[in-house]
Every structure is written in C-alpha cells, then in structure tokens.
file data_19.cif (mmCIF, C-alpha atoms and all ligand atoms)
data_target
#
loop_
_atom_site.group_PDB
_atom_site.id
_atom_site.type_symbol
_atom_site.label_atom_id
_atom_site.label_comp_id
_atom_site.auth_asym_id
_atom_site.auth_seq_id
_atom_site.Cartn_x
_atom_site.Cartn_y
_atom_site.Cartn_z
ATOM 1 C CA MET R 1 0.000 0.000 0.000
ATOM 2 C CA GLY R 2 1.344 3.452 -0.934
ATOM 3 C CA GLU R 3 1.753 6.519 1.230
ATOM 4 C CA SER R 4 -1.409 7.483 3.093
ATOM 5 C CA ARG R 5 -2.449 11.073 3.839
ATOM 6 C CA PRO R 6 -5.108 12.220 6.287
ATOM 7 C CA LEU R 7 -8.048 14.227 4.916
ATOM 8 C CA SER R 8 -11.297 15.507 6.354
ATOM 9 C CA ARG R 9 -14.589 13.666 6.026
ATOM 10 C CA SER R 10 -16.036 16.377 3.739
ATOM 11 C CA GLU R 11 -12.914 16.411 1.529
ATOM 12 C CA ALA R 12 -13.153 12.625 1.297
ATOM 13 C CA LEU R 13 -16.825 12.716 0.314
ATOM 14 C CA GLN R 14 -16.123 15.276 -2.418
ATOM 15 C CA LEU R 15 -13.639 12.998 -4.217
ATOM 16 C CA GLY R 16 -14.797 11.834 -7.634
ATOM 17 C CA PRO R 17 -16.033 8.413 -8.772
ATOM 18 C CA GLY R 18 -12.447 7.258 -9.452
ATOM 19 C CA TRP R 19 -12.001 6.794 -5.720
ATOM 20 C CA ARG R 20 -13.122 3.736 -3.748
ATOM 21 C CA HIS R 21 -14.085 4.082 -0.091
ATOM 22 C CA ALA R 22 -13.634 1.588 2.754
ATOM 23 C CA CYS R 23 -14.778 1.806 6.385
ATOM 24 C CA HIS R 24 -13.312 -0.228 9.250
ATOM 25 C CA ALA R 25 -13.867 -0.158 13.009
ATOM 26 C CA LEU R 26 -11.918 -0.826 16.179
ATOM 27 C CA LEU R 27 -14.274 -2.289 18.797
ATOM 28 C CA TYR R 28 -12.969 -2.498 22.348
ATOM 29 C CA ALA R 29 -14.049 -3.095 25.918
ATOM 30 C CA PRO R 30 -12.501 -2.640 29.342
ATOM 31 C CA CYS R 31 -11.193 -6.013 30.515
ATOM 32 C CA PRO R 32 -10.272 -6.368 34.195
ATOM 33 C CA GLY R 33 -8.501 -9.776 33.972
ATOM 34 C CA ARG R 34 -4.807 -10.526 34.482
ATOM 35 C CA LEU R 35 -2.753 -12.928 32.347
ATOM 36 C CA PHE R 36 -1.230 -15.652 34.588
ATOM 37 C CA GLY R 37 -2.896 -13.736 37.404
ATOM 38 C CA VAL R 38 -0.173 -11.091 37.067
ATOM 39 C CA VAL R 39 -0.161 -9.073 33.810
ATOM 40 C CA PRO R 40 -3.117 -6.640 33.587
ATOM 41 C CA LEU R 41 -5.014 -7.052 30.291
ATOM 42 C CA GLY R 42 -6.453 -3.541 30.389
ATOM 43 C CA HIS R 43 -8.801 -3.762 27.410
ATOM 44 C CA ALA R 44 -10.022 -6.286 24.862
ATOM 45 C CA VAL R 45 -9.418 -4.937 21.321
ATOM 46 C CA LEU R 46 -10.943 -6.795 18.378
ATOM 47 C CA MET R 47 -9.115 -7.612 15.157
ATOM 48 C CA GLN R 48 -9.537 -10.436 12.660
ATOM 49 C CA MET R 49 -7.450 -12.855 10.665
ATOM 50 C CA ARG R 50 -8.521 -12.174 7.106
ATOM 51 C CA PHE R 51 -8.895 -14.340 4.001
ATOM 52 C CA ASP R 52 -5.568 -12.969 2.697
ATOM 53 C CA GLY R 53 -3.580 -14.079 5.772
ATOM 54 C CA ARG R 54 -3.274 -10.514 7.054
ATOM 55 C CA LEU R 55 -4.709 -9.026 10.222
ATOM 56 C CA GLY R 56 -7.294 -6.271 9.844
ATOM 57 C CA PHE R 57 -10.294 -4.619 11.407
ATOM 58 C CA PRO R 58 -13.847 -5.636 10.566
ATOM 59 C CA GLY R 59 -15.362 -3.522 7.797
ATOM 60 C CA GLY R 60 -14.871 -3.184 4.056
ATOM 61 C CA PHE R 61 -15.703 -1.396 0.847
ATOM 62 C CA VAL R 62 -18.647 0.999 0.905
ATOM 63 C CA ASP R 63 -20.291 3.127 -1.790
ATOM 64 C CA PRO R 64 -21.065 6.643 -0.501
ATOM 65 C CA ARG R 65 -23.219 7.279 -3.595
ATOM 66 C CA THR R 66 -25.784 4.696 -2.490
ATOM 67 C CA GLY R 67 -25.953 5.410 1.254
ATOM 68 C CA SER R 68 -24.042 6.892 4.171
ATOM 69 C CA LEU R 69 -20.568 5.691 5.111
ATOM 70 C CA GLU R 70 -22.053 4.341 8.329
ATOM 71 C CA ASP R 71 -24.787 2.369 6.481
ATOM 72 C CA GLY R 72 -22.036 0.636 4.517
ATOM 73 C CA LEU R 73 -19.909 0.064 7.603
ATOM 74 C CA ASN R 74 -22.809 -1.441 9.569
ATOM 75 C CA ARG R 75 -23.618 -3.790 6.674
ATOM 76 C CA GLU R 76 -19.967 -4.956 6.514
ATOM 77 C CA LEU R 77 -19.843 -5.420 10.300
ATOM 78 C CA GLN R 78 -22.923 -7.660 10.155
ATOM 79 C CA GLU R 79 -21.512 -9.709 7.281
ATOM 80 C CA GLU R 80 -18.148 -10.174 9.025
ATOM 81 C CA LEU R 81 -19.166 -10.349 12.712
ATOM 82 C CA GLY R 82 -22.670 -11.801 12.481
ATOM 83 C CA PRO R 83 -26.081 -10.743 13.769
ATOM 84 C CA GLY R 84 -24.558 -9.696 17.128
ATOM 85 C CA ALA R 85 -23.193 -6.617 15.345
ATOM 86 C CA ALA R 86 -26.663 -5.318 14.389
ATOM 87 C CA PRO R 87 -27.473 -3.589 17.708
ATOM 88 C CA LEU R 88 -24.125 -1.750 17.678
ATOM 89 C CA CYS R 89 -25.263 0.489 14.812
ATOM 90 C CA LEU R 90 -22.132 2.651 14.479
ATOM 91 C CA ALA R 91 -22.801 6.333 13.777
ATOM 92 C CA GLU R 92 -21.013 9.521 12.781
ATOM 93 C CA GLY R 93 -20.131 10.070 16.449
ATOM 94 C CA ASP R 94 -17.894 6.973 16.302
ATOM 95 C CA TYR R 95 -15.887 8.376 13.364
ATOM 96 C CA LEU R 96 -12.173 8.966 14.012
ATOM 97 C CA GLY R 97 -10.731 10.065 10.661
ATOM 98 C CA SER R 98 -10.008 9.343 6.998
ATOM 99 C CA CYS R 99 -6.883 8.746 4.912
ATOM 100 C CA ARG R 100 -6.316 8.672 1.161
ATOM 101 C CA VAL R 101 -3.987 6.274 -0.598
ATOM 102 C CA GLU R 102 -3.066 6.694 -4.288
ATOM 103 C CA ALA R 103 -1.536 3.294 -5.000
ATOM 104 C CA PRO R 104 -2.075 0.482 -5.917
ATOM 105 C CA GLN R 105 -5.638 1.838 -6.291
ATOM 106 C CA ARG R 106 -7.193 5.164 -5.325
ATOM 107 C CA LEU R 107 -8.690 4.352 -1.961
ATOM 108 C CA VAL R 108 -10.064 6.435 0.912
ATOM 109 C CA THR R 109 -10.195 4.640 4.252
ATOM 110 C CA HIS R 110 -12.519 5.818 7.020
ATOM 111 C CA PHE R 111 -11.907 4.658 10.562
ATOM 112 C CA TYR R 112 -14.269 4.318 13.523
ATOM 113 C CA THR R 113 -13.905 3.273 17.153
ATOM 114 C CA ARG R 114 -16.576 2.151 19.620
ATOM 115 C CA ARG R 115 -16.267 1.295 23.309
ATOM 116 C CA LEU R 116 -18.416 -1.695 24.311
ATOM 117 C CA SER R 117 -19.099 -3.344 27.637
ATOM 118 C CA LEU R 118 -17.185 -6.594 28.128
ATOM 119 C CA GLU R 119 -20.538 -8.433 27.945
ATOM 120 C CA GLN R 120 -21.279 -6.892 24.516
ATOM 121 C CA PHE R 121 -17.761 -7.720 23.357
ATOM 122 C CA ARG R 122 -18.064 -11.349 24.444
ATOM 123 C CA ALA R 123 -21.485 -11.651 22.799
ATOM 124 C CA LEU R 124 -19.899 -10.495 19.518
ATOM 125 C CA GLU R 125 -17.114 -13.068 19.839
ATOM 126 C CA GLU R 126 -19.608 -15.821 20.641
ATOM 127 C CA GLY R 127 -21.818 -14.980 17.648
ATOM 128 C CA ALA R 128 -18.977 -14.518 15.158
ATOM 129 C CA THR R 129 -18.928 -18.111 13.896
ATOM 130 C CA ARG R 130 -22.501 -17.561 12.674
ATOM 131 C CA ALA R 131 -21.448 -14.612 10.490
ATOM 132 C CA GLN R 132 -22.088 -14.908 6.762
ATOM 133 C CA GLU R 133 -18.359 -14.337 6.075
ATOM 134 C CA HIS R 134 -17.048 -16.699 8.791
ATOM 135 C CA GLY R 135 -14.535 -19.036 7.137
ATOM 136 C CA LEU R 136 -14.654 -16.912 3.964
ATOM 137 C CA GLU R 137 -13.459 -13.271 4.308
ATOM 138 C CA VAL R 138 -12.941 -13.809 8.046
ATOM 139 C CA MET R 139 -10.865 -16.754 9.308
ATOM 140 C CA GLY R 140 -11.327 -15.853 12.968
ATOM 141 C CA LEU R 141 -11.344 -13.074 15.531
ATOM 142 C CA VAL R 142 -8.353 -12.179 17.684
ATOM 143 C CA ARG R 143 -7.797 -9.961 20.706
ATOM 144 C CA VAL R 144 -4.757 -7.718 20.526
ATOM 145 C CA PRO R 145 -2.244 -8.223 23.397
ATOM 146 C CA LEU R 146 -1.786 -4.684 24.727
ATOM 147 C CA TYR R 147 0.946 -5.534 27.261
ATOM 148 C CA THR R 148 4.652 -6.150 26.801
ATOM 149 C CA LEU R 149 5.990 -9.190 28.662
ATOM 150 C CA ARG R 150 9.106 -9.099 30.829
ATOM 151 C CA ASP R 151 11.316 -10.294 27.944
ATOM 152 C CA GLY R 152 10.549 -6.948 26.240
ATOM 153 C CA VAL R 153 9.326 -8.629 23.036
ATOM 154 C CA GLY R 154 6.351 -10.858 23.852
ATOM 155 C CA GLY R 155 2.883 -9.313 23.641
ATOM 156 C CA LEU R 156 2.288 -6.146 21.634
ATOM 157 C CA PRO R 157 5.802 -5.911 20.071
ATOM 158 C CA THR R 158 5.513 -9.417 18.586
ATOM 159 C CA PHE R 159 1.870 -8.874 17.561
ATOM 160 C CA LEU R 160 2.979 -5.797 15.580
ATOM 161 C CA SER R 161 5.374 -7.918 13.498
ATOM 162 C CA ASN R 162 2.417 -9.696 11.826
ATOM 163 C CA ALA R 163 1.317 -8.725 8.312
ATOM 164 C CA PHE R 164 -1.551 -6.197 8.333
ATOM 165 C CA ALA R 165 -4.101 -5.235 5.656
ATOM 166 C CA GLY R 166 -3.893 -1.739 4.244
ATOM 167 C CA GLY R 167 -3.304 0.846 6.951
ATOM 168 C CA ALA R 168 -4.539 -1.390 9.780
ATOM 169 C CA ARG R 169 -1.227 -1.386 11.715
ATOM 170 C CA GLU R 170 -1.099 2.429 11.679
ATOM 171 C CA GLN R 171 -4.810 2.653 12.537
ATOM 172 C CA LEU R 172 -4.241 0.311 15.482
ATOM 173 C CA LEU R 173 -1.266 2.259 16.849
ATOM 174 C CA GLU R 174 -2.913 5.640 16.390
ATOM 175 C CA SER R 175 -6.166 4.649 18.048
ATOM 176 C CA LEU R 176 -4.501 2.845 20.978
ATOM 177 C CA GLY R 177 -2.772 6.162 21.706
ATOM 178 C CA ILE R 178 -5.792 8.426 21.129
ATOM 179 C CA LEU R 179 -8.128 6.217 23.189
ATOM 180 C CA GLY R 180 -5.527 5.964 25.957
ATOM 181 C CA LEU R 181 -5.548 2.145 25.848
ATOM 182 C CA VAL R 182 -1.723 2.022 25.871
ATOM 183 C CA PRO R 183 0.462 4.887 27.149
ATOM 184 C CA GLU R 184 2.316 6.668 24.292
ATOM 185 C CA ALA R 185 5.757 5.820 25.749
ATOM 186 C CA GLN R 186 4.871 2.113 25.899
ATOM 187 C CA LEU R 187 3.555 2.244 22.315
ATOM 188 C CA SER R 188 6.822 3.725 21.010
ATOM 189 C CA GLU R 189 8.791 1.090 22.923
ATOM 190 C CA ALA R 190 6.611 -1.695 21.479
ATOM 191 C CA VAL R 191 7.159 -0.395 17.918
ATOM 192 C CA ALA R 192 10.927 -0.172 18.489
ATOM 193 C CA ALA R 193 11.066 -3.682 20.032
ATOM 194 C CA SER R 194 8.859 -5.302 17.349
ATOM 195 C CA PRO R 195 10.881 -8.154 15.726
ATOM 196 C CA LYS R 196 11.616 -7.424 12.031
HETATM 197 N N1 LIG R 201 -8.513 -3.418 7.917
HETATM 198 C C1 LIG R 201 -8.735 -4.104 6.779
HETATM 199 N N2 LIG R 201 -8.570 -3.580 5.534
HETATM 200 C C2 LIG R 201 -8.173 -2.316 5.435
HETATM 201 C C3 LIG R 201 -7.949 -1.548 6.575
HETATM 202 C C4 LIG R 201 -8.133 -2.146 7.841
HETATM 203 N N3 LIG R 201 -7.949 -1.451 8.963
HETATM 204 N N4 LIG R 201 -7.588 -0.328 6.199
HETATM 205 C C5 LIG R 201 -7.581 -0.325 4.881
HETATM 206 N N5 LIG R 201 -7.915 -1.517 4.381
HETATM 207 C C6 LIG R 201 -8.037 -1.804 2.942
HETATM 208 C C7 LIG R 201 -7.749 -3.242 2.538
HETATM 209 O O1 LIG R 201 -6.385 -3.364 2.161
HETATM 210 C C8 LIG R 201 -8.641 -3.457 1.348
HETATM 211 O O2 LIG R 201 -7.981 -3.126 0.132
HETATM 212 O O3 LIG R 201 -9.406 -1.602 2.593
HETATM 213 C C9 LIG R 201 -9.734 -2.407 1.483
HETATM 214 C C10 LIG R 201 -11.107 -3.014 1.612
HETATM 215 O O4 LIG R 201 -11.259 -3.626 2.860
HETATM 216 P P1 LIG R 201 -11.742 -5.166 2.990
HETATM 217 O O5 LIG R 201 -12.132 -5.326 4.426
HETATM 218 O O6 LIG R 201 -10.721 -6.083 2.412
HETATM 219 O O7 LIG R 201 -13.007 -5.175 2.023
HETATM 220 P P2 LIG R 201 -14.351 -6.062 1.999
HETATM 221 O O8 LIG R 201 -15.406 -5.226 1.348
HETATM 222 O O9 LIG R 201 -14.633 -6.613 3.358
HETATM 223 O O10 LIG R 201 -14.083 -7.218 0.965
HETATM 224 C C11 LIG R 201 -13.098 -8.175 1.088
HETATM 225 O O11 LIG R 201 -13.499 -8.996 -1.175
HETATM 226 O O12 LIG R 201 -14.386 -7.852 -3.000
HETATM 227 C C12 LIG R 201 -13.270 -8.489 -2.490
HETATM 228 O O13 LIG R 201 -11.018 -8.005 -3.048
HETATM 229 C C13 LIG R 201 -12.165 -7.478 -2.394
HETATM 230 O O14 LIG R 201 -10.569 -7.139 -0.575
HETATM 231 C C14 LIG R 201 -11.915 -7.254 -0.915
HETATM 232 C C15 LIG R 201 -12.537 -8.489 -0.289
HETATM 233 MG MG MG R 202 -16.408 -7.717 3.901
HETATM 234 MG MG MG R 203 -13.577 -6.662 5.173
#
call {"tool": "encode", "arguments": {"input": "data_19.cif", "output": "structure tokens"}}
result
Amino acid sequence: MGESRPLSRSEALQLGPGWRHACHALLYAPCPGRLFGVVPLGHAVLMQMRFDGRLGFPGGFVDPRTGSLEDGLNRELQEELGPGAAPLCLAEGDYLGSCRVEAPQRLVTHFYTRRLSLEQFRALEEGATRAQEHGLEVMGLVRVPLYTLRDGVGGLPTFLSNAFAGGAREQLLESLGILGLVPEAQLSEAVAASPK
C-alpha cells in the first residue's frame, strides 16, 4: 500500500467516482482480567485474521453514492461479525478520521472506534462463527495483546510484526494512543522492540 495522507470527512466525500471508499472499526471493551494472574489485560481490542492471511479490522468497501458511510460500515460489520453486530449500529459520532492512498488503487479509508461493555464484546465473539463471512473473508477473531511481557518482546511488540491489511497497523497504533488504551511511551517502545 502506498503513502497514506489524512483528509477531512467532507474532503473525502467530495472525491470523484475514481475513488473507492472503505470503512473499518476498532471495537474495544474494558477487561479487568490478568494474564497468569499477574499481567493486567487492560482492554479487549478486536481484530480479525482475514482471508488474505493478514490481520485487519472488521469492515470493508462501501459506496457513498448509495448510502451513508455508516450504512455501509454497519452492513460490513454484520456480514463479518454476524447478527450480534446489528445492535451496535455505528454512527457519525464513532468516526475517528479518513486517509487517502493513491496506489495500488485510489482508496479512501474511514476509521471508527466504539467502546463496548465486556458483555457486549463477548457476545460479539460468541456470535462470530454464525457470520455470513465466517470461514470466507474472516478466518477468525483475535484480541490484541496490549501488554509487553518481561522479555521486552512478547505481547504487543511481537503482535505488531504480523502482516496487516492496508493501513490497519497504523490505525491500530494511532487509536490505541488516542483512546488511551496504551500509554504513548509504551507504544513507542513496542514499535521499536517489534521483531523485524
Ligand atoms: N482493515 C482491513 N482492511 C483495510 C484496513 C483495515 N484497517 N484499512 C484499509 N484496508 C483496505 C484493505 O487493504 C482493502 O484493500 O481496505 C480495502 C477493503 O477492505 P476489505 O475489508 O478487504 O473489504 P471487503 O469489502 O470486506 O471485501 C473483502 O473482497 O471484493 C473483495 O477483493 C475485495 O478485498 C476485498 C474483499
Ligand atoms: Mg467484507
Ligand atoms: Mg472486510
């Protein structure tokens, strides 16, 4: 994927028909548990293993000429996460920002975040195998390890060395910082420690 540049929602919606649009969402919930009874989990953050072997966020291509960005996003979330996604009904208030990418195709990505209760989050996970795209576009859901283990590499640094779809790695890092799910200093350390 080529260089990506931020742009406003209205600039994005004014782009011509030569541009495709995609909407993805980071869904998360506070999670009080501790790994091995010691390492605080902090939050559960949802990503998925995709059909192409890369990690990404649920969502996909939308057509802003036939409905709102959020209509398209909610349809994709239902296809990829199952009927449990229907009550979430993401809205403009969940919108975080947009980026444009020129190559390999002209694409505008729109990103959303929504805080759920842990019960809602678990209900989504439990219903996900009944999603229309389960086993097709979506090979399974994963939670992102937000901690760094004592060896300095296990946890988030190693997770970040996976292959990610589009701008998903950047979207993950940016939103973990903005939402305060991982302190900025710990994020920078995780990026630096991520095995190449
Ligand atoms: N997560 C996933 N994909 C992202 C992300 C992200 N955070 N950010 C940008 N993308 C890019 C992907 O690289 C992809 O090119 O957005 C584009 C569309 O997203 P998908 O989720 O792959 O689209 P979807 O509509 O769900 O369809 C899946 O089916 O029609 C085919 O080839 C088409 O890739 C598409 C696939
Ligand atoms: Mg899809
Ligand atoms: Mg998709």
call {"tool": "resolve_selection", "arguments": {"input": "data_19.cif", "expression": "the PyMOL selection byres (((chain R and resi 111) around 7) and not hetatm)", "output": "mmCIF file with C-alpha atoms, in the frame of the given file"}}
result
data_model
loop_
_atom_site.group_PDB
_atom_site.id
_atom_site.type_symbol
_atom_site.label_atom_id
_atom_site.label_comp_id
_atom_site.auth_asym_id
_atom_site.auth_seq_id
_atom_site.Cartn_x
_atom_site.Cartn_y
_atom_site.Cartn_z
ATOM 1 C CA CYS R 23 -14.778 1.806 6.385
ATOM 2 C CA HIS R 24 -13.312 -0.228 9.250
ATOM 3 C CA ALA R 25 -13.867 -0.158 13.009
ATOM 4 C CA TYR R 95 -15.887 8.376 13.364
ATOM 5 C CA LEU R 96 -12.173 8.966 14.012
ATOM 6 C CA GLY R 97 -10.731 10.065 10.661
ATOM 7 C CA SER R 98 -10.008 9.343 6.998
ATOM 8 C CA THR R 109 -10.195 4.640 4.252
ATOM 9 C CA HIS R 110 -12.519 5.818 7.020
ATOM 10 C CA TYR R 112 -14.269 4.318 13.523
#
call {"tool": "closest_atom_pairs", "arguments": {"input": "data_19.cif", "of": "chain R", "to": "ligand MG 203 (chain R)", "cutoff": "8 Å", "atoms": "only C-alpha atoms and all ligand atoms", "output": "CSV"}}
result
residue,atom,partner,partner_atom,distance
R:His24,CA,R:MG203,MG,7.6
R:Arg50,CA,R:MG203,MG,7.7
R:Gly56,CA,R:MG203,MG,7.8
R:Phe57,CA,R:MG203,MG,7.3
R:Pro58,CA,R:MG203,MG,5.5
R:Gly59,CA,R:MG203,MG,4.5
R:Gly60,CA,R:MG203,MG,3.9
R:Phe61,CA,R:MG203,MG,7.1
R:Glu76,CA,R:MG203,MG,6.7
R:Glu80,CA,R:MG203,MG,6.9
R:Glu137,CA,R:MG203,MG,6.7
R:Val138,CA,R:MG203,MG,7.7
call {"tool": "resolve_selection", "arguments": {"input": "data_19.cif", "expression": "the PyMOL selection byres (((chain R and resi 46-48) around 7) and not hetatm)", "output": "number ranges by chain"}}
result
R: 26-28, 44-45, 49-50, 55-58, 138, 140-144
call {"tool": "atom_distance", "arguments": {"input": "data_19.cif", "atom1": "atom CA of R:Pro83", "atom2": "atom CA of R:Arg65"}}
result
25.2 Å
call {"tool": "resolve_selection", "arguments": {"input": "data_19.cif", "expression": "the PyMOL selection byres (((chain R and resi 188) around 12) and not hetatm)", "output": "PyMOL selection string"}}
result
chain R and resi 148+156-157+160+173-174+176-177+182-187+189-194
call {"tool": "closest_residue", "arguments": {"input": "data_19.cif", "among": "R:Asn74, R:Asn162, R:Ser8, R:Gln105", "to": "ligand MG 202 (chain R)", "atoms": "only C-alpha atoms and all ligand atoms"}}
result
R:Asn74
call {"tool": "atom_distance", "arguments": {"input": "data_19.cif", "atom1": "atom CA of R:Arg54", "atom2": "atom CA of R:Gly127"}}
result
21.8 Å
call {"tool": "closest_residue", "arguments": {"input": "data_19.cif", "among": "R:Glu125, R:Glu119, R:Asp151, R:Glu3", "to": "R:Cys99", "atoms": "only C-alpha atoms"}}
result
R:Glu3
call {"tool": "closest_residue", "arguments": {"input": "data_19.cif", "among": "R:Glu102, R:Asp71, R:Glu133, R:Asp94", "to": "R:Leu116", "atoms": "all atoms listed in the file"}}
result
R:Asp94
call {"tool": "closest_residue", "arguments": {"input": "data_19.cif", "among": "R:Arg5, R:Leu41, R:Ser68, R:Pro32", "to": "R:Pro145", "atoms": "all atoms listed in the file"}}
result
R:Leu41
call {"tool": "closest_residue", "arguments": {"input": "data_19.cif", "among": "R:Gly16, R:Pro40, R:Gly82, R:Pro87", "to": "R:Pro64", "atoms": "all atoms listed in the file"}}
result
R:Gly16
